[in-house]
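Taking it in order: structure first as structure tokens, then the write-up.
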Amino acid sequence: MPHLIEDYALIGDTRTGALVGPDGTTDWLCLPDFDSSAVFAGLLGTEQHGFWRIGPAHTEDTLPPVASSRRYRPRSLILETEWHLPGHGTVRVTDVMPTGEGTPRLIRIVEGITGRVRMRSELHATVNYGQHTATSSERDGRTVFPVSTGVLWLDTSADIPLGAGGDFTIGEGESVTFALTWQPGTAVTPQPPDARDALLRTQAYWHKWAARSTYRGPYAEAVTRSAITLKALIHAPTGAAVAAPTTSLPEEIGGIRNWDYRYTWLRDAAMTITALLSLGYLDEARAWRAWLLRVIAQDLQHLQIMYGIRGERDLSETELDWLPGYEKSGPVRIGNGAATQLQLDVYGEVIDALYQAHLAGLEPDPDATRLMVGLVTQLERLWSGPDAGIWEVRGPARHFVHSKVMVWVAVDRTIKLIESGDADGPLERWRELRDTIYREVCEKGYDPVRNTFTQSYGSTELDASLLLIPQMGFLPPDDKRVIGTIEAIQRELSTPDGFIERYPTKGEDAGVDGLPGDEGAFLLCTFWMADDLAMIGREDEARQLFDKLLALRGELGLLAEEWDPRLRRQVGNYPQAFSHIGLILVAVRRFSTPEPLSLPAQRSTEADLSAAPAPQ
């Protein structure tokens with residue numbers, strides 16, 4: 001069985017990512033990119049679907065031993081896993097995916113700390129998400145596995161037979177290296193890597209990148225870990241940000257709410273960039289803006305809410321019936337049918353992120369300004385109709401209040417650019433449009449009897465996305481309608497332990513999303529609540545809720561999409577960009593230490609980071 005979702009560690013090279021369990025098993029790895037076929041898919045099934053374990057040897061009738069301790073090296077994405085075995089010794093496995101090498105590679109270094117420990121490496125690579133076993137062969141004294149997307153080359157300094165695995169003994173002061181390298185099937189044979197050099201260079205890369213953060217405050221460790229996680233979810237070759245590196249981790253254990261998150265939602269990517277901008281990172285915003293201009297600027301009339309990381313439009317949803325799913329939560333899906341939905345809020349998120357990048361000092365780009373104007377021009381035609389909303393419901397389209405608020409944001413931010421002389425557009429007409437949207441939302445989206453905004457026009461349901469009304473500047477936080485909405489959501493959408501659900505999924509008003517089953521509390525929504533509580537003067541309550549959210553993180557500081565209050569465990573795809581975005585923004589806005597900063601380092605480029613010297 002796979003481990004608890006929150007017990008996995010993420011390692012990655014800003015092109016793809018692997019999940020490593022507490023027993024040293026890599027249960028998930030797609031190569032060469034986030035959205036490629038998985039060569040290890042045991043996370044969504046069993047060992048027969050692919051894994052790579054390195055850890056102390058064990059007998060056939062016992063489970064692999066769980067590590068005594070795990071940690072990331074400070075300010076990095078390098079994982080260290082240690083086992084302390086009484087009567088034998090202590091051993092450490094260091095896992096790293098080197099950055100900037102041009103081809104994905106997973107390096108695993110085994111070191112003897114004390115005594116002598118019998119270790120085992122077991123590798124079972126698969127084709128097409130575990131559908132078939134990848135058959136190994138020998139080439140020039142190396143092990144080769146043909147897989148769906150290319151060829152895997154396994155190199156090791158261990159004294160074990162060629163092939164998928166074997167036992168070896170590690171003594172104090174000794175080390176053994178393993179490296180799994182992906183190459184296209186037609187590429188030349190890759191050179192075996194210098195594992196130590198790759199480790200030091202990757203550590204230097206992450207150290208230098210993390211040091212550029214402008215955050216100063218009591219939550220520096222949590223903010224840094226979340227920032228590194230977001231950076232790891234940005235596909236460096238294209239600048240696209242994925243929502244998560246996984247597919248089909250369930251929102252309800254045993255349920256069917258299992259979706260593929262390895263794509264670029266315009267909303268999620270824009271929010272990722274906004275969070276990183278709040279920490280002073282401009283390179284990521286520049287790369288994302290370039291991706292936007294390549295992918296959407298030439299065809300705004302057919303805008304999608306999500307794309308493949310290279311701009312692919314066809315994300316047809318398919319079920320993999322040979323995979324039973326995480327803890328038998330099926331179906332396992334690849335692709336995402338929501339790609340063709342109309343979600344009006346994405347216009348607001350994209351334009352707001354571009355506007356925030358402008359305010360942060362990103363150099364102007366006339367094409368980006370024209371893109372913003374073009375998006376608002378599209379909204380003039382679309383905004384008054386229903387849509388599928390931020391939660392991309394699969395029920396009937398509605399006039400979602402959050403969608404209308406974000407349309408207002410799109411128009412408002414573009415107006416501000418025009419007013420400052422940084423864009424050209426029909427200023428008076430768009431001011432009138434902004435006022436019209438505002439009046440309609442306040443009239444049709446507000447319930448004066450309950451003193452709360454509602455999920456959609458004419459509905460009685462609440463929706464946690466309404467918490468963004470004051471954060472987006474639609475209404476001030478001291479407005480009685482804002483306070484009433486916050487209190488209503490806290491009262492009606494809270495779980496017994498105080499976390500916030502997105503909207504009702506059961507009961508008389510349920511069914512808006514068109515899906516059976518239930519889901520956990522949504523962590524991003526709970527971060528929104530903490531932000532709102534601070535905005536309306538309830539700072540102590542906000543901090544308590546924020547601290548409760550941080551306490552959900554495992555020992556490695558990562559968060560999935562949701563929290564199951566009944567099973568008291570994390571659920572949903574992992575690690576989830578949304579959750580780490582919420583953590584960063586609340587810490588920066590509410591729990592930071594103001595101080596004058598001199599930040600020349602934030603102007604450094606990705607090339608500078610790749611060339612960083614190894615730390616001593």
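Following the order of the structure tokens, chains are lettered A, B, ..., residues in each are numbered from 1, and ligands are numbered from 1.
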Who sits within 6 Å of A:Pro324, only C-alpha atoms, same chain under 3 positions skipped, as a PyMOL selection string: chain A and resi 45+328+330
Go ahead and dump the residues you just picked, N, CA and C atoms, as a PDB file, in the first residue's frame.
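Wrote part-v2.pdb, looks like this:
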ATOM      1  N   GLY A  45      -1.445   2.499  -7.230  1.00  0.00           N
ATOM      2  CA  GLY A  45      -1.727   1.078  -7.339  1.00  0.00           C
ATOM      3  C   GLY A  45      -0.903   0.273  -6.364  1.00  0.00           C
ATOM      4  N   LYS A 328      -7.491   2.430  -3.494  1.00  0.00           N
ATOM      5  CA  LYS A 328      -8.653   1.971  -4.265  1.00  0.00           C
ATOM      6  C   LYS A 328      -9.641   3.101  -4.548  1.00  0.00           C
ATOM      7  N   GLY A 330     -10.816   5.030  -7.258  1.00  0.00           N
ATOM      8  CA  GLY A 330     -10.840   5.106  -8.700  1.00  0.00           C
ATOM      9  C   GLY A 330     -12.011   5.948  -9.183  1.00  0.00           C
TER      10      GLY A 330
END
Long-range neighbours of stretch 65-69 of chain A as a ChimeraX atom specification, 8 Å cut-off, only C-alpha atoms, 3 positions minimum in chain: /A:22-24,55-56,58,81-84
Two-atom distance - atom CA of A:Asp479, atom CA of A:Ile536 (Å): 9.3 Å
Could you pull out the strand (DSSP E) residues of stretch 446-593 of chain A from DSSP and send them as a list in words?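 Checking each residue of stretch 446-593 of chain A, the strand (DSSP E) ones are Tyr446, Asp447, Thr452, Phe453, Ala521, Phe522, Glu562, Trp563, Asp564, Arg569, Gln570 and Val571 of chain A.
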Near A:Val96, counting only C-alpha atoms, which residues have an atom at most 7 Å away, once you skip same-chain residues fewer than 3 positions from it, shown as a compact mmCIF listing (two decimals) with N, CA, C and O atoms, in the first residue's frame?
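Dumped everything to selection22.txt:
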# COMPACT_ATOMS: atom_id res chain seq x y z
N ILE A 11 10.79 15.69 -4.54
CA ILE A 11 12.05 16.16 -5.08
C ILE A 11 11.81 16.47 -6.56
O ILE A 11 10.89 15.91 -7.18
N ILE A 78 16.62 19.01 -1.65
CA ILE A 78 17.44 17.80 -1.51
C ILE A 78 16.99 17.08 -0.25
O ILE A 78 16.99 17.65 0.85
N LEU A 79 16.62 15.82 -0.40
CA LEU A 79 16.04 15.04 0.68
C LEU A 79 17.09 14.14 1.32
O LEU A 79 17.83 13.44 0.62
N LEU A 106 17.54 11.24 -11.61
CA LEU A 106 17.34 11.02 -10.17
C LEU A 106 18.59 10.36 -9.62
O LEU A 106 18.95 9.25 -10.03
N ILE A 107 19.25 11.05 -8.68
CA ILE A 107 20.48 10.54 -8.06
C ILE A 107 20.18 10.19 -6.61
O ILE A 107 19.54 10.97 -5.88
N ARG A 108 20.66 9.03 -6.19
CA ARG A 108 20.45 8.55 -4.81
C ARG A 108 21.81 8.13 -4.27
O ARG A 108 22.46 7.23 -4.82
N LEU A 199 25.13 16.99 -6.92
CA LEU A 199 24.51 17.32 -5.63
C LEU A 199 24.91 18.71 -5.16
O LEU A 199 24.05 19.52 -4.77
Tell me, as an MDAnalysis selection string, which residues lie within 8 Å of stretch 143-159 of chain A, counting only C-alpha atoms; anything in the same chain fewer than 3 positions away does not count. chainID A and resid 31:32 36:37 39 125:128 134:139 162:164 168 176:186 190 192
Take the residues that were just selected and, keeping C-alpha atoms, output them as a PDB file, in the first residue's frame.
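See again-v7.pdb below for the written result:
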ATOM      1  CA  LEU A  31       9.581  11.376 -17.306  1.00  0.00           C
ATOM      2  CA  PRO A  32      10.733  13.574 -18.839  1.00  0.00           C
ATOM      3  CA  SER A  36       4.624  12.608 -19.240  1.00  0.00           C
ATOM      4  CA  SER A  37       3.799   8.976 -18.660  1.00  0.00           C
ATOM      5  CA  VAL A  39       7.627   5.208 -15.008  1.00  0.00           C
ATOM      6  CA  ALA A 125      10.238   0.562 -14.047  1.00  0.00           C
ATOM      7  CA  THR A 126       7.047   0.441 -16.102  1.00  0.00           C
ATOM      8  CA  VAL A 127       5.580   1.531 -19.414  1.00  0.00           C
ATOM      9  CA  ASN A 128       2.501   3.771 -19.706  1.00  0.00           C
ATOM     10  CA  ALA A 134       9.818  -2.226 -18.656  1.00  0.00           C
ATOM     11  CA  THR A 135      12.208  -5.043 -19.532  1.00  0.00           C
ATOM     12  CA  SER A 136      15.833  -4.333 -18.623  1.00  0.00           C
ATOM     13  CA  SER A 137      18.904  -5.149 -20.663  1.00  0.00           C
ATOM     14  CA  GLU A 138      22.662  -4.557 -20.444  1.00  0.00           C
ATOM     15  CA  ARG A 139      24.575  -2.083 -22.581  1.00  0.00           C
ATOM     16  CA  LEU A 162      23.353  -5.643 -13.213  1.00  0.00           C
ATOM     17  CA  GLY A 163      19.598  -5.339 -13.384  1.00  0.00           C
ATOM     18  CA  ALA A 164      16.827  -3.913 -11.305  1.00  0.00           C
ATOM     19  CA  PHE A 168      24.919  -4.530  -0.633  1.00  0.00           C
ATOM     20  CA  VAL A 176      27.478   4.209  -2.858  1.00  0.00           C
ATOM     21  CA  THR A 177      25.776   6.169  -5.632  1.00  0.00           C
ATOM     22  CA  PHE A 178      22.869   5.350  -7.925  1.00  0.00           C
ATOM     23  CA  ALA A 179      21.698   7.439 -10.879  1.00  0.00           C
ATOM     24  CA  LEU A 180      18.672   6.957 -13.108  1.00  0.00           C
ATOM     25  CA  THR A 181      18.893   9.077 -16.266  1.00  0.00           C
ATOM     26  CA  TRP A 182      16.172   9.595 -18.881  1.00  0.00           C
ATOM     27  CA  GLN A 183      17.114  10.055 -22.526  1.00  0.00           C
ATOM     28  CA  PRO A 184      15.050  10.118 -25.741  1.00  0.00           C
ATOM     29  CA  GLY A 185      15.207   6.777 -27.489  1.00  0.00           C
ATOM     30  CA  THR A 186      17.176   8.256 -30.387  1.00  0.00           C
ATOM     31  CA  PRO A 190      24.431   9.578 -21.741  1.00  0.00           C
ATOM     32  CA  PRO A 192      27.390   8.497 -16.168  1.00  0.00           C
TER      33      PRO A 192
END
Identify which of the residues A:Asp422, A:Leu468, A:Val405, A:Thr377 lies closest to A:Leu359, counting only C-alpha atoms when measuring atom-to-atom distances. A:Asp422
Selection: 8 Å around A:Thr593, only C-alpha atoms, excl. self and same-chain fewer than 4 positions, as an mmCIF file with all heavy atoms, in the first residue's frame:
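Saved to out_31.cif:
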data_model
loop_
_atom_site.group_PDB
_atom_site.id
_atom_site.type_symbol
_atom_site.label_atom_id
_atom_site.label_comp_id
_atom_site.auth_asym_id
_atom_site.auth_seq_id
_atom_site.Cartn_x
_atom_site.Cartn_y
_atom_site.Cartn_z
ATOM 1 N N TYR A 215 10.934 37.969 2.247
ATOM 2 C CA TYR A 215 10.126 37.807 3.462
ATOM 3 C C TYR A 215 10.988 37.868 4.705
ATOM 4 O O TYR A 215 12.020 37.194 4.805
ATOM 5 C CB TYR A 215 9.370 36.479 3.448
ATOM 6 C CG TYR A 215 8.563 36.261 4.717
ATOM 7 C CD1 TYR A 215 7.363 36.936 4.915
ATOM 8 C CD2 TYR A 215 9.025 35.423 5.730
ATOM 9 C CE1 TYR A 215 6.623 36.763 6.079
ATOM 10 C CE2 TYR A 215 8.294 35.243 6.894
ATOM 11 C CZ TYR A 215 7.098 35.921 7.069
ATOM 12 O OH TYR A 215 6.381 35.758 8.233
ATOM 13 N N ARG A 216 10.548 38.669 5.661
ATOM 14 C CA ARG A 216 11.164 38.726 6.985
ATOM 15 C C ARG A 216 10.032 38.639 7.999
ATOM 16 O O ARG A 216 9.129 39.474 8.001
ATOM 17 C CB ARG A 216 11.941 40.034 7.188
ATOM 18 C CG ARG A 216 13.028 40.309 6.146
ATOM 19 C CD ARG A 216 14.169 39.312 6.240
ATOM 20 N NE ARG A 216 15.235 39.629 5.283
ATOM 21 C CZ ARG A 216 15.273 39.185 4.032
ATOM 22 N NH1 ARG A 216 14.295 38.422 3.571
ATOM 23 N NH2 ARG A 216 16.274 39.506 3.226
ATOM 24 N N GLY A 217 10.059 37.639 8.825
ATOM 25 C CA GLY A 217 8.988 37.490 9.784
ATOM 26 C C GLY A 217 9.094 36.175 10.519
ATOM 27 O O GLY A 217 10.036 35.391 10.319
ATOM 28 N N PRO A 218 8.109 35.891 11.375
ATOM 29 C CA PRO A 218 8.191 34.713 12.245
ATOM 30 C C PRO A 218 7.972 33.389 11.525
ATOM 31 O O PRO A 218 8.197 32.335 12.122
ATOM 32 C CB PRO A 218 7.077 34.972 13.265
ATOM 33 C CG PRO A 218 6.095 35.845 12.544
ATOM 34 C CD PRO A 218 6.924 36.715 11.650
#
I'd like the contact shell of stretch 381-386 of chain A - 7 Å cut-off, only C-alpha atoms, skipping same-chain residues fewer than 2 positions apart - returned as a PyMOL selection string. chain A and resi 344+378-379+397-399+407
For A:Thr99, which residue among A:Met529, A:Ala232, A:Leu549, A:Leu567 is the nearest when counting only C-alpha atoms?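 Nearest candidate to A:Thr99 out of A:Met529, A:Ala232, A:Leu549, A:Leu567: A:Ala232.
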Check the smallest atom-to-atom distance from each of A:Gly325, A:Pro245, A:Gly87, A:Gly100 to A:Thr46 using only C-alpha atoms, then report the winner.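 Closest candidate: A:Gly325.
For the atom pair formed by atom CA of A:Arg116 and atom CA of A:Val20, the distance is 23.9 Å, given to one decimal.
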Surrounding residues of A:Leu230 excluding itself and chain neighbours under 3 positions, 7 Å, only C-alpha atoms, as a ChimeraX atom specification: /A:226-227,233-234,272,577
Among listed residues A:Met119, A:Ile486, A:Leu523, A:Leu466, nearest A:Phe546 (using only C-alpha atoms):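 When distances to A:Phe546 are compared using only C-alpha atoms, the smallest one comes from A:Leu523.
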Go through A:Asp314, A:Glu174, A:Glu363, A:Glu221 and flag the residue nearest A:Arg289, using only C-alpha atoms for the distances.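 Closest to A:Arg289, using only C-alpha atoms: A:Glu363.
Here atom CA of A:Thr460 stands at a distance of 23.2 Å from atom CA of A:Pro476.
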Point out the residue among A:Phe499, A:Pro448, A:Cys525, A:Leu585 with the least atom-to-atom distance to A:Leu467, counting only C-alpha atoms. A:Cys525
